[in-house]
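Visitor: I'm passing along coords39.txt; it holds compact mmCIF, C-alpha atoms.
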```txt
# COMPACT_ATOMS: atom_id res chain seq x y z
CA MET A 1 200.84 -19.24 -113.72
CA CYS A 2 198.00 -17.10 -112.29
CA GLU A 3 200.38 -15.54 -109.78
CA LYS A 4 202.78 -14.57 -112.60
CA ILE A 5 199.94 -13.07 -114.65
CA GLN A 6 198.79 -10.98 -111.67
CA LYS A 7 202.37 -9.83 -111.10
CA VAL A 8 202.79 -8.89 -114.79
CA ASN A 9 199.47 -7.02 -114.89
CA SER A 10 200.34 -5.11 -111.73
CA TRP A 11 203.75 -4.17 -113.13
CA LEU A 12 202.36 -3.13 -116.51
CA GLY A 13 199.71 -1.02 -114.78
CA ALA A 14 202.40 0.73 -112.75
CA VAL A 15 204.54 1.30 -115.84
CA PHE A 16 201.84 2.70 -118.13
CA GLY A 17 199.93 4.53 -115.39
CA ASP A 18 196.78 6.14 -116.75
CA GLN A 19 197.45 4.89 -120.30
CA PRO A 20 195.88 1.62 -121.42
CA VAL A 21 198.13 -1.42 -121.39
CA PRO A 22 198.89 -2.66 -124.95
CA HIS A 23 197.33 -5.95 -125.88
CA PHE A 24 199.63 -8.96 -125.91
CA GLU A 25 199.20 -12.66 -126.51
CA VAL A 26 198.92 -14.51 -123.22
CA ASN A 27 200.95 -17.70 -123.35
CA THR A 28 203.57 -19.36 -121.22
CA ARG A 29 206.56 -17.83 -123.04
CA THR A 30 205.17 -14.29 -123.09
CA VAL A 31 204.18 -14.41 -119.41
CA ASP A 32 207.60 -15.78 -118.42
CA VAL A 33 209.42 -13.02 -120.35
CA LEU A 34 207.24 -10.26 -118.89
CA TYR A 35 207.55 -11.76 -115.43
CA GLN A 36 211.36 -11.69 -115.66
CA LEU A 37 211.20 -8.08 -116.89
CA ALA A 38 208.94 -7.17 -113.99
CA ARG A 39 211.31 -8.74 -111.45
CA SER A 40 214.33 -7.02 -113.03
CA SER A 41 212.51 -3.69 -113.06
CA GLU A 42 211.51 -4.01 -109.43
CA ALA A 43 215.08 -4.95 -108.50
CA ARG A 44 216.44 -1.89 -110.32
CA CYS A 45 213.81 0.34 -108.75
CA GLY A 46 214.75 -1.01 -105.32
CA GLU A 47 218.45 -0.32 -105.97
CA ALA A 48 217.61 3.17 -107.21
CA ALA A 49 215.52 3.80 -104.12
CA LEU A 50 218.37 2.67 -101.85
CA LEU A 51 220.84 4.87 -103.76
CA THR A 52 218.47 7.81 -103.49
CA GLU A 53 218.11 7.30 -99.75
CA ASP A 54 221.89 7.06 -99.40
CA LEU A 55 222.38 10.28 -101.36
CA LYS A 56 219.73 12.02 -99.28
CA GLN A 57 221.47 10.87 -96.12
CA LYS A 58 224.86 12.07 -97.38
CA ALA A 59 223.34 15.39 -98.41
CA SER A 60 221.85 15.78 -94.94
CA GLU A 61 225.26 14.96 -93.41
CA TYR A 62 226.98 17.48 -95.68
CA GLN A 63 224.38 20.12 -94.78
CA SER A 64 224.86 19.43 -91.09
CA GLU A 65 228.65 19.54 -91.47
CA GLY A 66 228.41 22.76 -93.48
CA ALA A 67 226.19 24.34 -90.86
CA HIS A 68 228.70 23.28 -88.19
CA TYR A 69 231.60 24.85 -90.08
CA ARG A 70 229.51 27.96 -90.70
CA ASP A 71 228.84 28.26 -86.99
CA VAL A 72 232.52 27.71 -86.20
CA LEU A 73 233.58 30.42 -88.66
CA LEU A 74 230.88 32.79 -87.49
CA GLN A 75 231.31 32.29 -83.75
CA GLY A 76 235.06 31.63 -83.60
CA LEU A 77 236.38 34.01 -86.30
CA GLY A 78 233.43 36.27 -86.87
CA LEU A 79 233.36 35.34 -90.58
CA SER A 80 230.29 34.84 -92.69
CA CYS A 81 229.60 34.45 -96.38
CA ALA A 82 228.36 38.02 -96.52
CA SER A 83 231.46 39.41 -94.82
CA LEU A 84 233.92 37.71 -97.24
CA SER A 85 235.61 39.89 -99.83
CA LYS A 86 235.28 39.19 -103.54
CA PRO A 87 238.80 37.64 -103.89
CA ALA A 88 238.24 35.49 -100.79
CA ASP A 89 234.89 34.33 -102.14
CA ASP A 90 236.57 33.52 -105.49
CA TYR A 91 239.34 31.59 -103.74
CA LEU A 92 236.79 29.66 -101.70
CA SER A 93 234.78 28.83 -104.83
CA ALA A 94 237.96 27.71 -106.60
CA LEU A 95 238.86 25.53 -103.60
CA VAL A 96 235.40 23.94 -103.63
CA ASP A 97 235.54 23.36 -107.41
CA THR A 98 238.99 21.78 -107.08
CA ALA A 99 237.74 19.49 -104.32
CA MET A 100 234.82 18.43 -106.52
CA VAL A 101 237.10 17.76 -109.51
CA LEU A 102 239.49 15.71 -107.37
CA GLY A 103 236.58 13.89 -105.75
CA VAL A 104 237.72 14.47 -102.16
CA ARG A 105 235.41 14.51 -99.18
CA ASP A 106 236.67 17.80 -97.74
CA THR A 107 239.16 20.58 -98.49
CA SER A 108 241.75 19.59 -95.93
CA LEU A 109 245.41 19.20 -96.92
CA GLY A 110 245.27 15.52 -95.96
CA SER A 111 242.56 14.99 -98.59
CA PHE A 112 244.14 17.18 -101.29
CA MET A 113 247.66 15.72 -101.20
CA PRO A 114 246.76 12.05 -101.88
CA ALA A 115 244.37 13.17 -104.62
CA MET A 116 247.04 15.39 -106.20
CA ASN A 117 249.62 12.60 -105.96
CA HIS A 118 247.21 10.18 -107.60
CA LEU A 119 246.45 12.70 -110.33
CA THR A 120 250.18 13.37 -110.85
CA ASN A 121 250.92 9.64 -111.08
CA SER A 122 248.09 9.24 -113.59
CA LEU A 123 249.50 12.13 -115.63
CA LEU A 124 252.99 10.60 -115.60
CA GLU A 125 251.60 7.24 -116.67
CA GLU A 126 249.69 8.90 -119.50
CA GLU A 127 252.81 10.78 -120.63
CA LYS A 128 254.80 7.55 -120.50
CA SER A 129 252.11 5.80 -122.52
CA ASN A 130 252.08 8.68 -125.02
CA ARG A 131 255.86 8.48 -125.47
CA ARG A 132 255.63 4.74 -126.02
CA LEU A 133 252.85 5.22 -128.55
CA GLU A 134 254.89 7.91 -130.31
CA ARG A 135 257.88 5.55 -130.57
CA GLU A 136 255.65 2.83 -131.95
CA LEU A 137 254.15 5.32 -134.40
CA VAL A 138 257.62 6.39 -135.59
CA ALA A 139 258.61 2.73 -136.00
CA LEU A 140 255.43 2.05 -137.95
CA ARG A 141 256.09 5.06 -140.18
CA ASN A 142 259.64 3.87 -140.84
CA ARG A 143 258.42 0.38 -141.68
CA LEU A 144 255.72 1.87 -143.88
CA GLY A 145 258.31 3.99 -145.71
CA ALA A 146 260.57 0.97 -146.21
CA THR A 147 257.59 -1.05 -147.42
CA MET A 148 256.63 1.66 -149.91
CA VAL A 149 260.21 1.83 -151.22
CA LEU A 150 260.31 -1.95 -151.54
CA ARG A 151 256.94 -1.93 -153.27
CA SER A 152 258.17 0.72 -155.72
CA SER A 153 261.33 -1.30 -156.39
CA LEU A 154 259.33 -4.49 -156.91
CA GLN A 155 256.93 -2.70 -159.24
CA GLU A 156 259.86 -1.36 -161.24
CA ASP A 157 261.39 -4.85 -161.44
CA ILE A 158 258.02 -6.24 -162.55
CA ASN A 159 257.73 -3.60 -165.25
CA LYS A 160 261.27 -4.35 -166.44
CA THR A 161 260.52 -8.08 -166.46
CA VAL A 162 257.32 -7.56 -168.42
CA THR A 163 259.16 -5.38 -170.94
CA SER A 164 262.00 -7.90 -171.23
CA GLN A 165 259.54 -10.75 -171.68
CA SER A 166 257.75 -8.79 -174.39
CA VAL A 167 261.05 -8.19 -176.22
CA GLU A 168 262.14 -11.81 -175.83
CA SER A 169 258.73 -13.00 -177.01
CA ALA A 170 259.00 -10.79 -180.08
CA LYS A 171 262.53 -12.09 -180.76
CA ALA A 172 261.41 -15.69 -180.28
CA GLU A 173 258.49 -15.13 -182.64
CA GLU A 174 260.85 -13.59 -185.19
CA ARG A 175 263.24 -16.54 -184.83
CA MET A 176 260.35 -18.95 -185.31
CA LEU A 177 259.30 -17.09 -188.45
CA ASN A 178 262.89 -17.14 -189.72
CA MET A 179 263.18 -20.84 -188.88
CA ASP A 180 259.95 -21.57 -190.70
CA PHE A 181 261.20 -19.57 -193.68
CA VAL A 182 264.57 -21.34 -193.67
CA THR A 183 262.91 -24.73 -193.34
CA ALA A 184 260.53 -24.00 -196.19
CA LYS A 185 263.41 -22.66 -198.31
CA ALA A 186 265.52 -25.74 -197.56
CA LYS A 187 262.65 -27.99 -198.55
CA GLU A 188 262.19 -26.00 -201.75
CA LEU A 189 265.90 -26.17 -202.61
CA SER A 190 266.00 -29.91 -201.84
CA SER A 191 262.99 -30.46 -204.04
CA ARG A 192 264.53 -28.41 -206.83
CA ARG A 193 267.82 -30.34 -206.51
CA GLU A 194 266.00 -33.66 -206.64
CA ARG A 195 264.07 -32.54 -209.74
CA ALA A 196 267.30 -31.34 -211.37
CA GLU A 197 269.06 -34.62 -210.60
CA ALA A 198 266.11 -36.54 -211.94
CA GLN A 199 266.25 -34.49 -215.16
CA LEU A 200 269.99 -35.08 -215.47
CA VAL A 201 269.56 -38.81 -214.89
CA SER A 202 266.83 -38.90 -217.53
CA ARG A 203 269.30 -37.32 -219.98
CA ASN A 204 271.90 -40.07 -219.30
CA MET A 205 274.25 -37.71 -217.50
CA ASP A 206 277.32 -39.18 -215.84
CA LYS A 207 276.55 -40.06 -212.22
CA SER A 208 279.88 -38.57 -211.18
CA LEU A 209 278.43 -35.10 -211.80
CA THR A 210 275.55 -35.49 -209.36
CA HIS A 211 275.41 -33.54 -206.15
CA GLN A 212 276.06 -36.59 -204.01
CA ALA A 213 279.06 -37.58 -206.15
CA ILE A 214 280.47 -34.06 -205.99
CA VAL A 215 280.04 -33.99 -202.20
CA GLN A 216 281.79 -37.36 -201.92
CA LEU A 217 284.60 -36.18 -204.24
CA SER A 218 284.99 -33.02 -202.14
CA GLU A 219 285.34 -35.14 -199.02
CA GLU A 220 287.98 -37.32 -200.73
CA VAL A 221 289.89 -34.18 -201.82
CA ALA A 222 289.84 -32.91 -198.24
CA VAL A 223 291.23 -36.25 -197.05
CA LEU A 224 293.98 -36.13 -199.66
CA LYS A 225 294.89 -32.58 -198.63
CA GLN A 226 295.27 -33.77 -195.06
CA GLU A 227 297.53 -36.60 -196.26
CA ILE A 228 299.69 -34.22 -198.34
CA ILE A 229 300.41 -31.94 -195.38
CA PRO A 230 303.05 -34.29 -193.83
CA LEU A 231 304.71 -34.74 -197.21
CA LYS A 232 304.97 -30.99 -197.68
CA LYS A 233 306.61 -30.70 -194.29
CA LYS A 234 309.19 -33.33 -195.30
CA LEU A 235 309.99 -31.45 -198.54
CA GLU A 236 310.35 -28.06 -196.87
CA PRO A 237 314.17 -28.51 -196.23
CA TYR A 238 314.75 -29.14 -199.97
CA MET A 239 312.73 -26.24 -201.20
CA ASP A 240 315.53 -23.72 -200.47
CA LEU A 241 318.27 -25.62 -202.46
CA SER A 242 319.61 -23.84 -205.62
CA PRO A 243 319.41 -25.70 -208.98
CA SER A 244 322.45 -27.84 -210.10
CA THR A 245 325.06 -26.02 -212.36
CA ASN A 246 326.65 -29.20 -213.96
CA SER A 247 323.86 -29.65 -216.40
CA THR A 248 324.07 -25.98 -217.31
CA SER A 249 327.87 -26.04 -217.97
CA GLY A 250 327.57 -29.15 -220.06
CA GLN A 251 324.99 -27.50 -222.17
CA HIS A 252 327.29 -24.50 -222.66
CA LEU A 253 330.17 -26.81 -223.83
CA LYS A 254 327.98 -28.44 -226.45
CA THR A 255 326.98 -25.14 -227.94
CA PRO A 256 328.97 -24.54 -231.25
```
Can the structure from this file be put into structure tokens for me?
Guide:
Amino acid sequence: MCEKIQKVNSWLGAVFGDQPVPHFEVNTRTVDVLYQLARSSEARCGEAALLTEDLKQKASEYQSEGAHYRDVLLQGLGLSCASLSKPADDYLSALVDTAMVLGVRDTSLGSFMPAMNHLTNSLLEEEKSNRRLERELVALRNRLGATMVLRSSLQEDINKTVTSQSVESAKAEERMLNMDFVTAKAKELSSRRERAEAQLVSRNMDKSLTHQAIVQLSEEVAVLKQEIIPLKKKLEPYMDLSPSTNSTSGQHLKTP
């Protein structure tokens, strides 16, 4: 525990420098958290230091290589940065910028070609992906259009159904009102008929004149009409015969 506290205090002192270290509650949990932070910070600082040393070494190598190429150009071809023309200096700068964009180590053709091929392949893959995304977007737009048309059609059907239900509900309500009216009227007429029959009975009227007797008589008449129909059909052949002339001539002979 004491070793962790010393480690944490040393780390906090290095972090805050000349500024006072903020007060914190010293307990097992706090010390453990700060100790882990201190170890992580030291590990990151060590990695950063190694990366810095590596970059310094690479920079020194690049400077040495650049000085070597400068000497080769100066001694072999008699060229120097000061003796280059403005277009040549621009071309050289463009070549260096291209090498930096492509991330190649040098400006040789063997370094440029693989980088250009990789960049071309990446571009083709991106164009292929863009075409695929465009096709998917067109398909989504078509489906969205069809969905909107279907939604409009369904909304129209719903509106028609609501209107039709409103009309049918009004008709049903009207029929119910008419049915109630007819039922009430029928009850009223039945009550009036019963009162009228009771009055007629109280006046010693013949029972054959009551509504029930008349209905029964009407039914009997209908039955008799049905029975007469066959008899009428049997008499139809005799209906066209002319009247007998014997009785007529006899009557003429007896006339003085």
Visitor: Residues near Asn27 of chain A, anyone? I mean within 12 Å using all atoms listed in the file, not counting same-chain ones fewer than 6 positions away, as an mmCIF file with C-alpha atoms, in the frame of the given file.
Guide:
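Generated file (around04.cif):
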```cif
data_model
loop_
_atom_site.group_PDB
_atom_site.id
_atom_site.type_symbol
_atom_site.label_atom_id
_atom_site.label_comp_id
_atom_site.auth_asym_id
_atom_site.auth_seq_id
_atom_site.Cartn_x
_atom_site.Cartn_y
_atom_site.Cartn_z
ATOM 1 C CA MET A 1 200.840 -19.240 -113.720
ATOM 2 C CA CYS A 2 198.000 -17.100 -112.290
ATOM 3 C CA LYS A 4 202.780 -14.570 -112.600
ATOM 4 C CA ILE A 5 199.940 -13.070 -114.650
ATOM 5 C CA VAL A 33 209.420 -13.020 -120.350
ATOM 6 C CA LEU A 34 207.240 -10.260 -118.890
ATOM 7 C CA TYR A 35 207.550 -11.760 -115.430
#
```
Visitor: Need to verify the contact set: Ala38 of chain A, 10 Å, only C-alpha atoms, exclusion of same-chain residues closer than 2 positions in sequence. Can you return it as number ranges by chain?
Guide: A: 4, 7-12, 15, 32-36, 40-44
Visitor: Between atom CA of Glu219 of chain A and atom CA of Leu189 of chain A, measure the distance and give it in Å to one decimal.
Guide: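 Straight-line distance from atom CA of Glu219 of chain A to atom CA of Leu189 of chain A works out to 21.7 Å.
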Visitor: Could you pull the residues within 8 Å of segment 114-125 of chain A, counting all atoms listed in the file, minus those fewer than 2 positions along the same chain, as a PyMOL selection string?
Guide: chain A and resi 102-104+110-112+127-129
Visitor: If the box runs along x, y and z of the file and leaves 6 Å on each side of segment 226-231 of chain A, what are its centre and edge lengths in Å, one decimal, as lines of an AutoDock Vina configuration file?
Guide:
```
center_x = 300.0
center_y = -34.3
center_z = -196.1
size_x = 21.4
size_y = 16.7
size_z = 16.5
```
Visitor: Between A:Glu227, A:Ser108, A:Lys171, A:Ala196, which has the minimum distance to Val96 of chain A (counting only C-alpha atoms)?
Guide: A:Ser108
Visitor: To one decimal place, how far is atom CA of Val21 of chain A from atom CA of Leu50 of chain A in Å?
Guide: 28.4 Å
Visitor: For atom CA of Phe181 of chain A and atom CA of Glu168 of chain A, determine how far apart the two atoms are, in Å to one decimal place.
Guide: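 These two atoms are separated by 19.5 Å.
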